Amino acid sequence: MAAHRLELSTPPKKVSAWIAETDPKAARQWLDALPMADTAAASQEVYQALYTLNRLEIGPNERFKLMELYREPVNTLTLALQSHFKSAVLPLTAKKRQLAEFIRQLQAEMAYGYKLTIQGLVESRLLWGKNKLNAMATEGALYYLGEVLNKSYQVYMPCPPGVWKEIHALYGYGEDNDWFGESLDLDADPDTVSAPYRRYLRIALLGLCNPYQLSEQEWQHVLQFLDRWADRAAMGTELSVNNPAGLFLVDITSDSPPVSFPKDISFGLSGDHRVLNTLGVSRVIQDFIVRIRKGQKISTDELGMDCLENVSLDMLRKMIRFWGLGVRRKRPRQKAKGISLVAYGINAVHFFGSNQKPFVPPETSEDFSDNPFDRITERLDPDDLPIDTDSVFIDLENPANIVPSKAESQEELTPIVTPRPQEIYRVERWRIEDESINGMLLTHDAPERHRLRVGDVLGVQDVSRDDQWRIGVVRWIKTPSANTIQMGIEMIAPGFVPVAVRMADKPLSAGNTFVQALLLSPVSALKLPASVILPKGLYKPKQALLIAESGESPRKIIVLDALAQTATFDQAVFANAAS
């Protein structure tokens, strides 16, 4: 197999006004003295030092030692900076987007350092006897290129061009050095030389999930699982495939993640194509699913994910779809132009589906001092929100004031709660980009900020049809620019009936009041039974619920199983309870 040409982007050498310690011993003393409690100041100083080091002539051995010293403080500071994105609204404010760019560039500077180490080893012909150092530098470059992707996924920003191309190039470099087979340097630690391979598998498997389809919590669960089980996947060169289940195609010269293995490969495959086999990971997931269904307890250490059993089961089902078989769109989408009206969340969809009548819970004769309907969260008109006019441009040679103050963060996270007789809802106009019978791509160009999340339920209405609301689910989100949101919606029902539900096995009380839910009629064409969309906290198999349509007495139903579960709702099938 011919060797691959290693092309890595690195910054040009230049003189900087900043000063950085180039001696590893002095650098350690400087890093130890950093005011880590002051996240903003410490992160700016670390970034300035990395920026300077990556533009100086430094030997590969010394550079690698320096990068290893920076690894822990950079990871610690990144974790602290990311806390500013908790419950962040989209699109990000100018300062939040600037912070996101800064965090991503911090990872890119770390990747530069490891890439420069590799280049230094190649250019100085020091590879003989340096296999371990070379492999460790490659693992470091892969880790931080993967972090550039992760920091994009976290805030739904597009990935920078060229990152996947370099990740694949580093994999090819590892192949050329026989790090992934049995021909290893006798003086090298096998765990060390295989580290780039394991790192590459983690990145590739995460890319297959399309993280823009995941909530942040789901994305974290996938990362935790991969840290434990990614090694069960494998890369191969055998391109003759009879059954594509669990097999994905990788072009190591491309700038994109792995893709579903094509049914028709008549276009021809080259020596740059590889097959990512995920069947080993799928078998692990299937084994966990069977054990959980049998009621067996599984420890967090064994599973890898730190989540409750019912959440674990749902995540495992999602992951087996990611890696068990490449999912292809059943019906192609076509370019379309038009406007759709969109309402967010169960309560808003319920309101508009009720002809904008205020929700009146059944059995409200009793007075509960803690009744949540006594205190309503006001949803302000986005036109009334202050618009941050700060520039979204980051001057990476002067990264001051990139961290919002504690007061600014707290102000954004604190809901506006005022006693009002009824919650205020509104619909927004979204532009249709393409559409199929199963879903649509919508774009919104406005400075408003949204509390929009992957997994949110939506009401969607065509502007030409003011009498019908369809039900959709946000499947992915991207923010390609500071004031633009794109979202992919899966349509799950052509209509619904607004209802109220509460638990039937507990008396009416402050902790068990009627809340809004959406009753979906059966869809015979798709062989879907009647179901109900419930807010989180009400779904439980065999749970008895009281359900009431407008103007009717409550009736009892028994929840049977979940059709879909997200971070904000559960869609469950049910049966009417015996009278």
# chains A, B, ... in the order shown; residues from 1 in each chain; ligands from 1
>>> select_by_dssp(residues="region 88-261 of chain A", states="helix (DSSP H, G or I)", output="ChimeraX atom specification")
/A:94-123,131-154,163-176,190-193,195-208,211-213,216-232
>>> closest_residue(among="A:Gln571, A:Gln82, A:Thr443, A:Gln468", to="Ile492 (chain A)", atoms="only C-alpha atoms")
A:Gln571
>>> atom_distance(atom1="CA of Ile289 (chain A)", atom2="CA of Leu316 (chain A)")
6.9 Å
>>> atom_distance(atom1="CA of Ser312 (chain A)", atom2="CA of Asn150 (chain A)")
21.5 Å
>>> atom_distance(atom1="CA of Cys159 (chain A)", atom2="CA of Thr76 (chain A)")
22.6 Å
>>> closest_residue(among="A:Lys542, A:Lys130, A:Arg555, A:Arg453", to="Glu218 (chain A)", atoms="only C-alpha atoms")
A:Arg453
>>> residues_around(residues="Val122 (chain A)", least_positions_apart="2", cutoff="12 Å", atoms="only C-alpha atoms", output="compact mmCIF listing (two decimals) with N, CA and C atoms, in the first residue's frame")
# COMPACT_ATOMS: atom_id res chain seq x y z
N ARG A 5 0.58 11.02 1.66
CA ARG A 5 1.24 12.30 1.88
C ARG A 5 0.57 13.01 3.04
N LEU A 6 1.36 13.35 4.04
CA LEU A 6 0.82 13.98 5.24
C LEU A 6 0.81 15.49 5.04
N GLU A 7 -0.40 16.05 4.90
CA GLU A 7 -0.56 17.50 4.74
C GLU A 7 -1.33 18.02 5.94
N GLY A 59 12.46 22.75 18.80
CA GLY A 59 12.71 21.36 18.45
C GLY A 59 11.52 20.48 18.80
N PRO A 60 11.34 19.37 18.06
CA PRO A 60 10.16 18.53 18.29
C PRO A 60 10.09 17.92 19.68
N LYS A 115 0.75 18.95 15.89
CA LYS A 115 1.04 18.80 14.46
C LYS A 115 2.45 19.31 14.15
N LEU A 116 2.84 20.40 14.78
CA LEU A 116 4.20 20.92 14.58
C LEU A 116 5.25 19.95 15.10
N THR A 117 4.92 19.23 16.17
CA THR A 117 5.84 18.20 16.67
C THR A 117 6.05 17.12 15.63
N ILE A 118 4.94 16.66 15.02
CA ILE A 118 5.04 15.62 13.98
C ILE A 118 5.87 16.13 12.80
N GLN A 119 5.56 17.35 12.36
CA GLN A 119 6.31 17.91 11.24
C GLN A 119 7.79 18.05 11.56
N GLY A 120 8.08 18.46 12.80
CA GLY A 120 9.48 18.59 13.20
C GLY A 120 10.21 17.27 13.17
N SER A 124 13.26 16.69 10.47
CA SER A 124 14.60 16.49 11.02
C SER A 124 15.08 15.05 10.89
N ARG A 125 14.25 14.19 10.25
CA ARG A 125 14.60 12.79 10.05
C ARG A 125 14.92 12.09 11.36
N LEU A 126 14.15 12.44 12.39
CA LEU A 126 14.37 11.85 13.71
C LEU A 126 13.41 10.70 14.01
N LEU A 127 12.74 10.19 12.98
CA LEU A 127 11.73 9.16 13.22
C LEU A 127 12.34 7.84 13.68
N TRP A 128 13.58 7.57 13.29
CA TRP A 128 14.22 6.32 13.71
C TRP A 128 14.38 6.32 15.23
N LYS A 130 12.06 6.92 17.27
CA LYS A 130 11.14 7.88 17.88
C LYS A 130 9.68 7.48 17.64
N ASN A 131 9.43 6.21 17.44
CA ASN A 131 8.07 5.77 17.13
C ASN A 131 7.09 6.11 18.24
N LEU A 133 7.29 8.58 20.52
CA LEU A 133 7.04 10.02 20.54
C LEU A 133 6.14 10.43 19.38
N ASN A 134 6.40 9.87 18.20
CA ASN A 134 5.61 10.19 17.02
C ASN A 134 4.15 9.77 17.22
N ALA A 137 2.44 12.11 19.75
CA ALA A 137 2.13 13.42 19.16
C ALA A 137 0.92 13.30 18.23
N TYR A 173 -1.51 8.35 8.24
CA TYR A 173 -0.13 8.42 8.74
C TYR A 173 0.13 7.28 9.72
>>> residues_around(residues="Arg470 (chain A)", least_positions_apart="3", cutoff="12 Å", atoms="only C-alpha atoms", output="tab-separated table (two decimals) with N, CA and C atoms, in the first residue's frame")
chain	number	residue	atom	x	y	z
A	340	SER	N	-43.63	28.66	6.98
A	340	SER	CA	-44.37	27.88	7.97
A	340	SER	C	-44.42	28.65	9.27
A	341	LEU	N	-45.55	28.55	9.96
A	341	LEU	CA	-45.67	29.11	11.29
A	341	LEU	C	-45.29	28.02	12.29
A	342	VAL	N	-44.49	28.40	13.28
A	342	VAL	CA	-43.97	27.41	14.22
A	342	VAL	C	-44.26	27.86	15.65
A	343	ALA	N	-44.77	26.94	16.46
A	343	ALA	CA	-44.97	27.15	17.90
A	343	ALA	C	-44.12	26.13	18.64
A	349	VAL	N	-48.12	24.61	21.75
A	349	VAL	CA	-48.86	23.87	20.73
A	349	VAL	C	-50.29	23.61	21.21
A	350	HIS	N	-50.43	23.26	22.49
A	350	HIS	CA	-51.74	23.03	23.10
A	350	HIS	C	-52.60	24.31	22.99
A	352	PHE	N	-52.39	26.93	20.86
A	352	PHE	CA	-52.83	27.28	19.51
A	352	PHE	C	-53.77	26.22	18.95
A	353	GLY	N	-53.59	24.97	19.36
A	353	GLY	CA	-54.50	23.92	18.93
A	353	GLY	C	-55.87	24.04	19.59
A	437	ILE	N	-42.48	14.26	2.76
A	437	ILE	CA	-43.65	13.86	3.52
A	437	ILE	C	-43.32	13.61	4.98
A	438	ASN	N	-42.04	13.33	5.26
A	438	ASN	CA	-41.63	13.00	6.62
A	438	ASN	C	-40.99	14.15	7.38
A	439	GLY	N	-40.60	15.21	6.69
A	439	GLY	CA	-39.89	16.25	7.42
A	439	GLY	C	-39.61	17.47	6.56
A	457	VAL	N	-40.74	19.41	20.90
A	457	VAL	CA	-41.93	19.20	20.09
A	457	VAL	C	-42.39	20.54	19.54
A	458	LEU	N	-42.85	20.54	18.30
A	458	LEU	CA	-43.25	21.77	17.63
A	458	LEU	C	-44.64	21.60	17.03
A	459	GLY	N	-45.34	22.70	16.93
A	459	GLY	CA	-46.53	22.77	16.11
A	459	GLY	C	-46.18	23.52	14.85
A	460	VAL	N	-46.51	22.96	13.69
A	460	VAL	CA	-46.16	23.56	12.40
A	460	VAL	C	-47.44	23.76	11.59
A	461	GLN	N	-47.61	24.97	11.10
A	461	GLN	CA	-48.82	25.30	10.33
A	461	GLN	C	-48.42	25.99	9.04
A	462	ASP	N	-48.97	25.55	7.94
A	462	ASP	CA	-48.77	26.24	6.67
A	462	ASP	C	-49.53	27.56	6.71
A	465	ARG	N	-52.97	27.37	5.53
A	465	ARG	CA	-53.93	26.53	6.25
A	465	ARG	C	-53.96	26.99	7.70
A	466	ASP	N	-54.91	27.84	8.03
A	466	ASP	CA	-54.96	28.36	9.39
A	466	ASP	C	-55.84	27.52	10.30
A	467	ASP	N	-56.23	26.33	9.82
A	467	ASP	CA	-57.11	25.49	10.62
A	467	ASP	C	-56.46	24.19	11.06
A	473	VAL	N	-40.94	17.22	15.45
A	473	VAL	CA	-39.90	17.13	16.47
A	473	VAL	C	-38.61	17.67	15.88
A	489	ILE	N	-36.71	19.09	10.91
A	489	ILE	CA	-37.89	18.64	11.65
A	489	ILE	C	-38.37	17.31	11.07
A	490	GLU	N	-38.66	16.39	11.95
A	490	GLU	CA	-39.36	15.17	11.56
A	490	GLU	C	-40.84	15.35	11.92
A	491	MET	N	-41.71	15.17	10.95
A	491	MET	CA	-43.14	15.28	11.19
A	491	MET	C	-43.65	13.94	11.73
A	492	ILE	N	-44.35	13.96	12.86
A	492	ILE	CA	-44.79	12.70	13.47
A	492	ILE	C	-46.30	12.54	13.51
A	493	ALA	N	-47.07	13.59	13.22
A	493	ALA	CA	-48.53	13.47	13.21
A	493	ALA	C	-49.13	14.60	12.38
A	494	PRO	N	-50.17	14.30	11.60
A	494	PRO	CA	-50.81	15.35	10.79
A	494	PRO	C	-51.75	16.23	11.58
A	495	GLY	N	-52.01	15.88	12.84
A	495	GLY	CA	-52.89	16.67	13.67
A	495	GLY	C	-52.92	16.12	15.08
A	496	PHE	N	-53.67	16.78	15.97
A	496	PHE	CA	-53.71	16.35	17.36
A	496	PHE	C	-54.95	16.92	18.03
A	497	VAL	N	-55.22	16.41	19.22
A	497	VAL	CA	-56.29	16.93	20.07
A	497	VAL	C	-55.66	17.42	21.37
A	518	LEU	N	-50.74	16.26	24.41
A	518	LEU	CA	-51.24	16.24	23.03
A	518	LEU	C	-51.63	14.82	22.66
A	520	LEU	N	-52.53	12.17	19.90
A	520	LEU	CA	-52.31	11.96	18.47
A	520	LEU	C	-53.18	10.81	17.98
A	521	SER	N	-53.87	11.02	16.89
A	521	SER	CA	-54.71	9.97	16.31
A	521	SER	C	-53.84	8.92	15.64
>>> closest_residue(among="A:Ile432, A:Met305, A:Ala169, A:Met157", to="Ile252 (chain A)", atoms="only C-alpha atoms")
A:Ala169
>>> residues_around(residues="Tyr156 (chain A)", least_positions_apart="6", cutoff="12 Å", atoms="only C-alpha atoms", output="VMD selection string")
chain A and resid 85 88 to 92 97 100 to 101 149 to 150 210 to 216 219 452 to 454 476 to 482 484 to 487
>>> write_last_selection(atoms="N, CA and C atoms", output="tab-separated table (two decimals), in the first residue's frame")
chain	number	residue	atom	x	y	z
A	85	PHE	N	-22.33	28.12	28.78
A	85	PHE	CA	-23.30	27.76	27.75
A	85	PHE	C	-24.46	26.94	28.31
A	88	ALA	N	-28.01	27.93	27.31
A	88	ALA	CA	-27.85	29.06	26.39
A	88	ALA	C	-28.93	29.03	25.32
A	89	VAL	N	-29.39	30.20	24.92
A	89	VAL	CA	-30.41	30.31	23.89
A	89	VAL	C	-29.74	30.47	22.53
A	90	LEU	N	-30.48	30.13	21.48
A	90	LEU	CA	-29.94	30.18	20.13
A	90	LEU	C	-30.71	31.21	19.31
A	91	PRO	N	-30.03	31.91	18.37
A	91	PRO	CA	-28.58	31.90	18.20
A	91	PRO	C	-27.89	32.49	19.43
A	92	LEU	N	-26.63	32.12	19.62
A	92	LEU	CA	-25.88	32.65	20.74
A	92	LEU	C	-25.78	34.17	20.64
A	97	ARG	N	-21.15	33.81	21.35
A	97	ARG	CA	-20.56	33.26	20.13
A	97	ARG	C	-19.06	33.55	20.09
A	100	ALA	N	-17.51	31.04	22.29
A	100	ALA	CA	-17.47	29.73	21.64
A	100	ALA	C	-16.32	29.66	20.63
A	101	GLU	N	-16.13	30.74	19.86
A	101	GLU	CA	-15.02	30.79	18.91
A	101	GLU	C	-13.68	30.72	19.63
A	149	LEU	N	-14.06	19.70	16.79
A	149	LEU	CA	-15.38	19.24	16.36
A	149	LEU	C	-16.37	19.28	17.52
A	150	ASN	N	-15.95	18.78	18.68
A	150	ASN	CA	-16.85	18.71	19.84
A	150	ASN	C	-17.34	20.09	20.26
A	210	ASN	N	-24.07	12.07	13.90
A	210	ASN	CA	-24.50	13.43	13.54
A	210	ASN	C	-24.89	14.16	14.83
A	211	PRO	N	-23.91	14.62	15.60
A	211	PRO	CA	-24.20	15.22	16.91
A	211	PRO	C	-25.15	16.42	16.87
A	212	TYR	N	-25.36	17.02	15.70
A	212	TYR	CA	-26.34	18.10	15.62
A	212	TYR	C	-27.76	17.57	15.86
A	213	GLN	N	-27.92	16.23	15.85
A	213	GLN	CA	-29.21	15.62	16.14
A	213	GLN	C	-29.38	15.29	17.62
A	214	LEU	N	-28.36	15.57	18.42
A	214	LEU	CA	-28.39	15.19	19.83
A	214	LEU	C	-28.52	16.41	20.72
A	215	SER	N	-29.21	16.23	21.84
A	215	SER	CA	-29.16	17.26	22.87
A	215	SER	C	-27.79	17.19	23.52
A	216	GLU	N	-27.42	18.23	24.27
A	216	GLU	CA	-26.10	18.23	24.89
A	216	GLU	C	-25.94	17.06	25.84
A	219	TRP	N	-25.36	13.94	23.80
A	219	TRP	CA	-24.00	14.00	23.24
A	219	TRP	C	-22.98	13.59	24.30
A	452	LEU	N	-34.49	26.82	21.96
A	452	LEU	CA	-34.78	25.71	21.09
A	452	LEU	C	-33.76	24.62	21.33
A	453	ARG	N	-34.24	23.37	21.45
A	453	ARG	CA	-33.34	22.26	21.71
A	453	ARG	C	-33.68	21.09	20.79
A	454	VAL	N	-32.67	20.28	20.52
A	454	VAL	CA	-32.94	19.03	19.81
A	454	VAL	C	-33.87	18.19	20.67
A	476	TRP	N	-32.41	18.11	14.42
A	476	TRP	CA	-31.06	18.68	14.46
A	476	TRP	C	-31.15	20.20	14.35
A	477	ILE	N	-30.10	20.84	14.85
A	477	ILE	CA	-30.02	22.31	14.84
A	477	ILE	C	-28.62	22.71	14.41
A	478	LYS	N	-28.53	23.78	13.63
A	478	LYS	CA	-27.25	24.42	13.32
A	478	LYS	C	-27.43	25.92	13.36
A	479	THR	N	-26.36	26.61	13.74
A	479	THR	CA	-26.37	28.07	13.69
A	479	THR	C	-25.22	28.51	12.78
A	480	PRO	N	-25.46	28.54	11.47
A	480	PRO	CA	-24.36	28.84	10.53
A	480	PRO	C	-23.82	30.25	10.64
A	481	SER	N	-24.58	31.17	11.22
A	481	SER	CA	-24.07	32.53	11.42
A	481	SER	C	-24.66	33.08	12.70
A	482	ALA	N	-24.23	34.28	13.05
A	482	ALA	CA	-24.60	34.84	14.35
A	482	ALA	C	-26.11	35.03	14.49
A	484	THR	N	-28.59	33.42	12.43
A	484	THR	CA	-29.32	32.45	11.62
A	484	THR	C	-29.40	31.11	12.34
A	485	ILE	N	-30.59	30.53	12.34
A	485	ILE	CA	-30.80	29.18	12.87
A	485	ILE	C	-31.37	28.32	11.75
A	486	GLN	N	-30.85	27.12	11.63
A	486	GLN	CA	-31.45	26.12	10.76
A	486	GLN	C	-31.86	24.94	11.63
A	487	MET	N	-33.00	24.32	11.32
A	487	MET	CA	-33.38	23.12	12.04
A	487	MET	C	-34.05	22.13	11.10
>>> residues_around(residues="Pro554 (chain A)", least_positions_apart="2", cutoff="10 Å", atoms="only C-alpha atoms", output="mmCIF file with C-alpha atoms, in the first residue's frame")
data_model
loop_
_atom_site.group_PDB
_atom_site.id
_atom_site.type_symbol
_atom_site.label_atom_id
_atom_site.label_comp_id
_atom_site.auth_asym_id
_atom_site.auth_seq_id
_atom_site.Cartn_x
_atom_site.Cartn_y
_atom_site.Cartn_z
ATOM 1 C CA PRO A 362 -60.244 20.029 35.042
ATOM 2 C CA GLU A 363 -61.123 19.701 38.745
ATOM 3 C CA VAL A 499 -55.884 17.282 26.302
ATOM 4 C CA ALA A 500 -55.070 17.493 30.004
ATOM 5 C CA VAL A 501 -53.451 14.645 31.964
ATOM 6 C CA ARG A 502 -52.405 13.787 35.491
ATOM 7 C CA ALA A 504 -54.582 8.621 38.356
ATOM 8 C CA LEU A 545 -53.297 8.433 33.906
ATOM 9 C CA LEU A 546 -56.438 10.523 33.832
ATOM 10 C CA ILE A 547 -56.909 12.186 30.457
ATOM 11 C CA ALA A 548 -59.526 14.801 29.599
ATOM 12 C CA GLU A 549 -60.462 16.511 26.377
ATOM 13 C CA SER A 550 -61.981 19.995 26.452
ATOM 14 C CA GLY A 551 -65.406 19.989 28.072
ATOM 15 C CA GLU A 552 -65.357 16.261 28.844
ATOM 16 C CA LYS A 556 -58.505 6.568 32.826
ATOM 17 C CA ILE A 557 -55.866 5.170 30.474
#
>>> closest_residue(among="A:Ala94, A:Leu66, A:Ile103, A:Cys209", to="Ala26 (chain A)", atoms="only C-alpha atoms")
A:Leu66
>>> residues_around(residues="Gly324 (chain A)", least_positions_apart="4", cutoff="12 Å", atoms="only C-alpha atoms", output="ChimeraX atom specification")
/A:205,208-209,233,243-248,260-261,276-286,316-320
